[in-house]
$ cat final-v1.cif   # mmCIF, C-alpha atoms
data_data
#
loop_
_atom_site.group_PDB
_atom_site.id
_atom_site.type_symbol
_atom_site.label_atom_id
_atom_site.label_comp_id
_atom_site.auth_asym_id
_atom_site.auth_seq_id
_atom_site.Cartn_x
_atom_site.Cartn_y
_atom_site.Cartn_z
ATOM 1 C CA MET A 1 73.725 67.758 47.165
ATOM 2 C CA SER A 2 73.299 71.197 48.722
ATOM 3 C CA GLN A 3 71.028 72.257 45.864
ATOM 4 C CA ASN A 4 68.839 69.181 46.351
ATOM 5 C CA LYS A 5 68.620 69.948 50.062
ATOM 6 C CA GLU A 6 67.622 73.530 49.341
ATOM 7 C CA LEU A 7 64.968 72.426 46.827
ATOM 8 C CA MET A 8 63.647 69.907 49.346
ATOM 9 C CA LYS A 9 63.341 72.533 52.093
ATOM 10 C CA ASN A 10 61.612 74.937 49.728
ATOM 11 C CA GLY A 11 59.147 72.381 48.404
ATOM 12 C CA LEU A 12 58.217 70.738 51.690
ATOM 13 C CA TRP A 13 58.311 73.733 54.021
ATOM 14 C CA ASN A 14 59.812 77.153 53.240
ATOM 15 C CA ASN A 15 57.987 77.660 49.933
ATOM 16 C CA ASN A 16 55.291 75.002 50.202
ATOM 17 C CA PRO A 17 52.914 75.478 47.250
ATOM 18 C CA ALA A 18 49.753 75.017 49.324
ATOM 19 C CA LEU A 19 50.618 76.615 52.681
ATOM 20 C CA VAL A 20 52.989 79.405 51.578
ATOM 21 C CA GLN A 21 52.310 80.179 47.923
ATOM 22 C CA LEU A 22 48.587 79.379 48.346
ATOM 23 C CA LEU A 23 48.405 77.820 44.878
ATOM 24 C CA GLY A 24 46.080 75.042 43.774
ATOM 25 C CA LEU A 25 43.541 75.807 46.488
ATOM 26 C CA CYS A 26 40.568 74.702 44.379
ATOM 27 C CA PRO A 27 41.488 70.978 44.302
ATOM 28 C CA LEU A 28 43.025 71.270 47.760
ATOM 29 C CA LEU A 29 39.674 72.286 49.244
ATOM 30 C CA ALA A 30 37.403 70.218 47.024
ATOM 31 C CA VAL A 31 38.824 66.681 46.994
ATOM 32 C CA SER A 32 40.629 66.368 50.331
ATOM 33 C CA ALA A 33 37.642 64.923 52.206
ATOM 34 C CA THR A 34 39.504 61.604 52.606
ATOM 35 C CA VAL A 35 43.142 60.544 52.672
ATOM 36 C CA THR A 36 42.590 58.314 49.627
ATOM 37 C CA ASN A 37 41.274 61.128 47.436
ATOM 38 C CA ALA A 38 43.974 63.508 48.675
ATOM 39 C CA LEU A 39 46.773 61.006 48.052
ATOM 40 C CA GLY A 40 45.444 60.116 44.599
ATOM 41 C CA LEU A 41 45.261 63.737 43.448
ATOM 42 C CA GLY A 42 48.603 64.529 45.072
ATOM 43 C CA LEU A 43 50.377 61.707 43.235
ATOM 44 C CA ALA A 44 48.764 62.720 39.941
ATOM 45 C CA THR A 45 49.934 66.315 40.455
ATOM 46 C CA LEU A 46 53.416 65.073 41.399
ATOM 47 C CA LEU A 47 53.741 63.022 38.194
ATOM 48 C CA VAL A 48 52.615 65.933 36.024
ATOM 49 C CA LEU A 49 54.952 68.354 37.829
ATOM 50 C CA VAL A 50 58.013 66.144 37.369
ATOM 51 C CA GLY A 51 57.189 65.365 33.744
ATOM 52 C CA SER A 52 56.382 68.943 32.748
ATOM 53 C CA ASN A 53 59.476 70.354 34.455
ATOM 54 C CA LEU A 54 61.669 67.800 32.678
ATOM 55 C CA ILE A 55 60.205 68.415 29.212
ATOM 56 C CA VAL A 56 60.142 72.204 29.590
ATOM 57 C CA SER A 57 63.771 72.171 30.694
ATOM 58 C CA LEU A 58 64.754 70.015 27.711
ATOM 59 C CA VAL A 59 63.039 72.209 25.112
ATOM 60 C CA ARG A 60 63.594 75.605 26.750
ATOM 61 C CA GLN A 61 66.290 76.661 24.252
ATOM 62 C CA TRP A 62 64.054 76.030 21.227
ATOM 63 C CA VAL A 63 60.871 77.671 22.531
ATOM 64 C CA PRO A 64 60.369 81.311 21.460
ATOM 65 C CA LYS A 65 59.624 83.568 24.405
ATOM 66 C CA GLU A 66 56.520 84.958 22.712
ATOM 67 C CA VAL A 67 54.722 81.583 22.653
ATOM 68 C CA ARG A 68 56.268 79.854 25.650
ATOM 69 C CA ILE A 69 53.103 79.850 27.807
ATOM 70 C CA PRO A 70 50.860 78.139 25.181
ATOM 71 C CA ILE A 71 53.591 75.544 24.582
ATOM 72 C CA PHE A 72 53.969 74.919 28.324
ATOM 73 C CA VAL A 73 50.199 74.473 28.646
ATOM 74 C CA MET A 74 50.193 72.024 25.719
ATOM 75 C CA ILE A 75 52.940 69.970 27.367
ATOM 76 C CA ILE A 76 51.078 69.944 30.686
ATOM 77 C CA ALA A 77 47.780 69.023 29.007
ATOM 78 C CA SER A 78 49.424 66.076 27.228
ATOM 79 C CA LEU A 79 50.861 64.760 30.493
ATOM 80 C CA VAL A 80 47.546 65.216 32.320
ATOM 81 C CA THR A 81 45.800 63.225 29.582
ATOM 82 C CA CYS A 82 48.289 60.378 30.047
ATOM 83 C CA VAL A 83 47.790 60.404 33.835
ATOM 84 C CA GLN A 84 44.004 60.528 33.380
ATOM 85 C CA LEU A 85 44.049 57.505 31.044
ATOM 86 C CA LEU A 86 46.289 55.552 33.439
ATOM 87 C CA MET A 87 44.025 56.339 36.377
ATOM 88 C CA ASN A 88 40.960 55.394 34.341
ATOM 89 C CA ALA A 89 42.569 52.045 33.514
ATOM 90 C CA TYR A 90 44.090 51.069 36.868
ATOM 91 C CA ALA A 91 42.195 53.050 39.545
ATOM 92 C CA PHE A 92 38.732 53.530 38.091
ATOM 93 C CA GLY A 93 37.032 54.022 41.457
ATOM 94 C CA LEU A 94 39.376 56.863 42.334
ATOM 95 C CA TYR A 95 39.021 58.237 38.809
ATOM 96 C CA GLN A 96 35.265 58.496 39.324
ATOM 97 C CA SER A 97 35.686 59.992 42.791
ATOM 98 C CA LEU A 98 38.074 62.757 41.672
ATOM 99 C CA GLY A 99 36.023 63.483 38.565
ATOM 100 C CA ILE A 100 36.616 66.844 36.906
ATOM 101 C CA PHE A 101 39.573 67.696 39.164
ATOM 102 C CA ILE A 102 41.884 65.356 37.234
ATOM 103 C CA PRO A 103 41.681 67.282 33.917
ATOM 104 C CA LEU A 104 41.707 70.539 35.893
ATOM 105 C CA ILE A 105 45.324 69.772 36.832
ATOM 106 C CA VAL A 106 46.103 71.433 33.483
ATOM 107 C CA THR A 107 45.103 74.804 34.932
ATOM 108 C CA ASN A 108 46.825 74.268 38.276
ATOM 109 C CA CYS A 109 48.924 77.353 39.002
ATOM 110 C CA ILE A 110 51.619 75.287 40.711
ATOM 111 C CA ILE A 111 52.532 73.419 37.532
ATOM 112 C CA ILE A 112 52.571 76.327 35.094
ATOM 113 C CA GLY A 113 54.278 78.452 37.761
ATOM 114 C CA ARG A 114 57.181 76.024 38.243
ATOM 115 C CA ALA A 115 57.531 75.554 34.489
ATOM 116 C CA GLU A 116 57.810 79.305 33.967
ATOM 117 C CA ALA A 117 59.769 80.266 37.109
ATOM 118 C CA PHE A 118 62.212 77.367 37.369
ATOM 119 C CA ALA A 119 62.218 74.721 34.616
ATOM 120 C CA SER A 120 62.497 77.225 31.765
ATOM 121 C CA LYS A 121 65.653 78.659 33.344
ATOM 122 C CA ASN A 122 67.463 75.538 34.611
ATOM 123 C CA THR A 123 68.929 72.248 33.418
ATOM 124 C CA PRO A 124 66.899 68.990 33.525
ATOM 125 C CA LEU A 125 68.181 67.506 36.800
ATOM 126 C CA PRO A 126 67.457 70.527 39.052
ATOM 127 C CA SER A 127 64.127 70.963 37.251
ATOM 128 C CA VAL A 128 63.116 67.364 37.978
ATOM 129 C CA LEU A 129 64.142 67.752 41.620
ATOM 130 C CA ASP A 130 62.203 71.010 41.894
ATOM 131 C CA GLY A 131 59.103 69.360 40.411
ATOM 132 C CA PHE A 132 59.472 66.351 42.688
ATOM 133 C CA TRP A 133 59.823 68.306 45.927
ATOM 134 C CA MET A 134 57.118 70.815 45.028
ATOM 135 C CA GLY A 135 54.850 67.881 44.198
ATOM 136 C CA MET A 136 55.749 66.198 47.480
ATOM 137 C CA GLY A 137 54.960 69.413 49.344
ATOM 138 C CA MET A 138 51.547 69.596 47.671
ATOM 139 C CA THR A 139 50.898 65.887 48.296
ATOM 140 C CA ALA A 140 51.907 66.177 51.956
ATOM 141 C CA SER A 141 49.579 69.154 52.451
ATOM 142 C CA LEU A 142 46.726 67.275 50.768
ATOM 143 C CA VAL A 143 47.275 64.140 52.864
ATOM 144 C CA VAL A 144 47.482 66.034 56.172
ATOM 145 C CA LEU A 145 44.366 68.021 55.297
ATOM 146 C CA GLY A 146 42.563 64.869 54.143
ATOM 147 C CA ALA A 147 43.503 62.999 57.327
ATOM 148 C CA ILE A 148 42.190 65.788 59.570
ATOM 149 C CA ARG A 149 38.932 66.106 57.624
ATOM 150 C CA GLU A 150 38.368 62.347 57.444
ATOM 151 C CA ILE A 151 38.950 61.873 61.174
ATOM 152 C CA LEU A 152 36.703 64.798 62.133
ATOM 153 C CA GLY A 153 34.044 63.951 59.543
ATOM 154 C CA ASN A 154 33.865 60.152 59.605
ATOM 155 C CA GLY A 155 36.141 59.043 62.436
ATOM 156 C CA THR A 156 38.180 56.919 60.000
ATOM 157 C CA LEU A 157 41.477 56.877 58.133
ATOM 158 C CA PHE A 158 42.270 55.368 54.705
ATOM 159 C CA ASP A 159 38.618 54.705 53.981
ATOM 160 C CA GLY A 160 38.375 53.506 50.371
ATOM 161 C CA ALA A 161 42.121 52.895 50.029
ATOM 162 C CA ASP A 162 41.317 49.941 47.761
ATOM 163 C CA ARG A 163 40.203 52.423 45.076
ATOM 164 C CA LEU A 164 43.783 53.675 44.803
ATOM 165 C CA LEU A 165 45.939 50.690 45.763
ATOM 166 C CA GLY A 166 43.786 47.689 44.851
ATOM 167 C CA ASP A 167 41.673 45.143 46.728
ATOM 168 C CA TRP A 168 44.474 44.235 49.135
ATOM 169 C CA ALA A 169 44.333 47.766 50.619
ATOM 170 C CA ALA A 170 40.756 47.350 51.882
ATOM 171 C CA GLY A 171 42.205 46.174 55.205
ATOM 172 C CA MET A 172 44.052 49.479 55.679
ATOM 173 C CA ARG A 173 40.850 51.197 56.833
ATOM 174 C CA ILE A 174 41.222 52.397 60.424
ATOM 175 C CA GLU A 175 38.255 53.413 62.565
ATOM 176 C CA VAL A 176 39.632 56.001 64.974
ATOM 177 C CA PHE A 177 36.294 56.465 66.731
ATOM 178 C CA HIS A 178 32.662 55.754 65.929
ATOM 179 C CA PHE A 179 30.221 58.441 64.782
ATOM 180 C CA ASP A 180 26.454 57.996 64.929
ATOM 181 C CA SER A 181 26.218 60.782 62.339
ATOM 182 C CA THR A 182 28.955 62.429 60.291
ATOM 183 C CA PHE A 183 30.299 65.892 61.104
ATOM 184 C CA LEU A 184 29.135 67.482 57.856
ATOM 185 C CA LEU A 185 31.121 70.733 58.142
ATOM 186 C CA ALA A 186 34.447 68.871 58.086
ATOM 187 C CA MET A 187 33.466 67.083 54.878
ATOM 188 C CA LEU A 188 32.367 70.200 52.997
ATOM 189 C CA PRO A 189 34.679 72.773 51.302
ATOM 190 C CA PRO A 190 34.064 75.426 54.032
ATOM 191 C CA GLY A 191 35.457 72.972 56.582
ATOM 192 C CA ALA A 192 38.485 72.438 54.358
ATOM 193 C CA PHE A 193 38.951 76.213 54.097
ATOM 194 C CA LEU A 194 38.958 76.576 57.893
ATOM 195 C CA THR A 195 41.324 73.624 58.315
ATOM 196 C CA VAL A 196 43.786 75.091 55.802
ATOM 197 C CA GLY A 197 43.699 78.326 57.777
ATOM 198 C CA PHE A 198 44.601 76.487 60.979
ATOM 199 C CA LEU A 199 47.417 74.614 59.181
ATOM 200 C CA ILE A 200 48.860 77.881 57.856
ATOM 201 C CA ALA A 201 48.627 79.429 61.339
ATOM 202 C CA ALA A 202 50.374 76.403 62.880
ATOM 203 C CA LYS A 203 53.173 76.618 60.296
ATOM 204 C CA ASN A 204 53.651 80.331 60.985
ATOM 205 C CA VAL A 205 53.872 79.677 64.736
ATOM 206 C CA LEU A 206 56.509 76.975 64.183
ATOM 207 C CA ASP A 207 58.477 79.277 61.881
ATOM 208 C CA GLU A 208 58.417 82.077 64.474
ATOM 209 C CA ARG A 209 59.605 79.753 67.231
ATOM 210 C CA GLN A 210 62.388 78.451 65.005
ATOM 211 C CA ALA A 211 63.432 81.997 64.150
ATOM 212 C CA LYS A 212 63.642 82.911 67.845
ATOM 213 C CA LYS A 213 65.942 79.946 68.498
ATOM 214 C CA GLN A 214 68.401 81.093 65.847
ATOM 215 C CA PRO A 215 71.369 83.036 67.279
ATOM 216 C CA LYS A 216 71.145 86.696 66.467
ATOM 217 C CA GLU A 217 74.075 88.197 64.650
ATOM 218 C CA LYS A 218 75.635 91.128 66.408
ATOM 219 C CA ALA A 219 75.613 94.257 64.344
ATOM 220 C CA VAL A 220 79.095 95.482 63.577
ATOM 221 C CA ILE A 221 79.402 99.237 63.985
ATOM 222 C CA GLU A 222 81.960 100.749 61.730
ATOM 223 C CA ARG A 223 83.699 103.799 63.102
ATOM 224 C CA VAL A 224 84.456 106.550 60.675
ATOM 225 C CA ARG A 225 87.219 108.989 61.426
ATOM 226 C CA ILE A 226 86.621 112.446 60.074
ATOM 227 C CA THR A 227 89.580 114.674 59.532
ATOM 228 C CA SER A 228 89.211 118.330 58.875
ATOM 229 C CA ALA A 229 91.295 119.986 56.243
ATOM 230 C CA ASP A 230 92.988 123.248 57.271
#
$ encode --input "final-v1.cif" --output "structure tokens"
Amino acid sequence: MSQNKELMKNGLWNNNPALVQLLGLCPLLAVSATVTNALGLGLATLLVLVGSNLIVSLVRQWVPKEVRIPIFVMIIASLVTCVQLLMNAYAFGLYQSLGIFIPLIVTNCIIIGRAEAFASKNTPLPSVLDGFWMGMGMTASLVVLGAIREILGNGTLFDGADRLLGDWAAGMRIEVFHFDSTFLLAMLPPGAFLTVGFLIAAKNVLDERQAKKQPKEKAVIERVRITSAD
């Protein structure tokens, strides 16, 4: 239980892959123009992370160290292909919207990094939990970034949710305020880059405030008695 709590804190906050490790910035900046796109890519990354961590942990004892990276990449590529086919079959609109960034999950540093740093050294259950919470941290960062950009750019939330969740989700679209013309900077990658910077700054401020609230441990001064020999 304590290990799960520690993995959760690391994935969602202390070691967040997007805001702390600064991994996977290419898809983070490119496809987070709307909440729907961000959530779709985040869930795809989450599924691949959990699956790759589980498989790598299961086969870690039979993989020679010299070829472990190519084998990890092959495992990740196989899982990404499965996710891509599922998305093509059941969420074709989102599949078209995300485009090349679905197969590029194979090269995402978060996934290969967790496989190498954690899954290859731990048993299946902790590896699955690590993949899940790291994926949730990435998904949360994508969704928050997508929500900010969508509100600033279009004045809406959950626009195009039916592409991910089906026709019933078309009613989830919320118009926060009306724009006569879109705020183009918020919808382009430079706007995403600036927004990520503000999110990182906000996280650092919160961490500093939390650190100041923690009680400071008093330093214990050890006294040494020196005796002189005659």
$ resolve_selection --input "final-v1.cif" --expression "the PyMOL selection byres ((chain A and resi 149-164) around 6)" --output "mmCIF file with C-alpha atoms, in the coordinates of the input"
data_model
loop_
_atom_site.group_PDB
_atom_site.id
_atom_site.type_symbol
_atom_site.label_atom_id
_atom_site.label_comp_id
_atom_site.auth_asym_id
_atom_site.auth_seq_id
_atom_site.Cartn_x
_atom_site.Cartn_y
_atom_site.Cartn_z
ATOM 1 C CA ALA A 33 37.642 64.923 52.206
ATOM 2 C CA THR A 34 39.504 61.604 52.606
ATOM 3 C CA VAL A 35 43.142 60.544 52.672
ATOM 4 C CA THR A 36 42.590 58.314 49.627
ATOM 5 C CA ALA A 91 42.195 53.050 39.545
ATOM 6 C CA GLY A 93 37.032 54.022 41.457
ATOM 7 C CA LEU A 94 39.376 56.863 42.334
ATOM 8 C CA GLY A 146 42.563 64.869 54.143
ATOM 9 C CA ALA A 147 43.503 62.999 57.327
ATOM 10 C CA ILE A 148 42.190 65.788 59.570
ATOM 11 C CA LEU A 165 45.939 50.690 45.763
ATOM 12 C CA GLY A 166 43.786 47.689 44.851
ATOM 13 C CA ASP A 167 41.673 45.143 46.728
ATOM 14 C CA ALA A 169 44.333 47.766 50.619
ATOM 15 C CA ALA A 170 40.756 47.350 51.882
ATOM 16 C CA ARG A 173 40.850 51.197 56.833
ATOM 17 C CA ILE A 174 41.222 52.397 60.424
ATOM 18 C CA GLU A 175 38.255 53.413 62.565
ATOM 19 C CA VAL A 176 39.632 56.001 64.974
ATOM 20 C CA PHE A 177 36.294 56.465 66.731
ATOM 21 C CA HIS A 178 32.662 55.754 65.929
ATOM 22 C CA THR A 182 28.955 62.429 60.291
ATOM 23 C CA PHE A 183 30.299 65.892 61.104
ATOM 24 C CA ALA A 186 34.447 68.871 58.086
ATOM 25 C CA MET A 187 33.466 67.083 54.878
#
$ residues_near_point --input "final-v1.cif" --point "(47.9, 80.0, 46.9)" --cutoff "12 Å" --atoms "all atoms listed in the file" --output "PyMOL selection string"
chain A and resi 15-29+108-110+113+138+196-197+200
$ resolve_selection --input "final-v1.cif" --expression "the PyMOL selection byres ((chain A and resi 54-63) around 7)" --output "PyMOL selection string"
chain A and resi 50-53+64-65+68+72+115+119-120+122-124+127-128
$ atom_distance --input "final-v1.cif" --atom1 "CA of Leu86 in chain A" --atom2 "CA of Pro126 in chain A"
26.5 Å
$ resolve_selection --input "final-v1.cif" --expression "the PyMOL selection byres ((chain A and resi 3) around 12)" --output "JSON, numbers by chain"
{"A": [1, 2, 4, 5, 6, 7, 8, 9, 10, 125, 126, 127, 129, 130, 133]}
$ closest_residue --input "final-v1.cif" --among "A:Asn14, A:Asn204, A:Ser97, A:Asn37" --to "Leu142 in chain A" --atoms "only C-alpha atoms"
A:Asn37
$ atom_distance --input "final-v1.cif" --atom1 "CA of Leu46 in chain A" --atom2 "CA of Met172 in chain A"
23.1 Å
$ axis_aligned_box --input "final-v1.cif" --around "range 167-179 of chain A" --padding-each-side "8 Å" --output "AutoDock Vina command-line options"
--center_x 37.3 --center_y 51.3 --center_z 56.7 --size_x 30.3 --size_y 30.2 --size_z 36.0
$ atom_distance --input "final-v1.cif" --atom1 "CA of Val48 in chain A" --atom2 "CA of Val80 in chain A"
6.3 Å
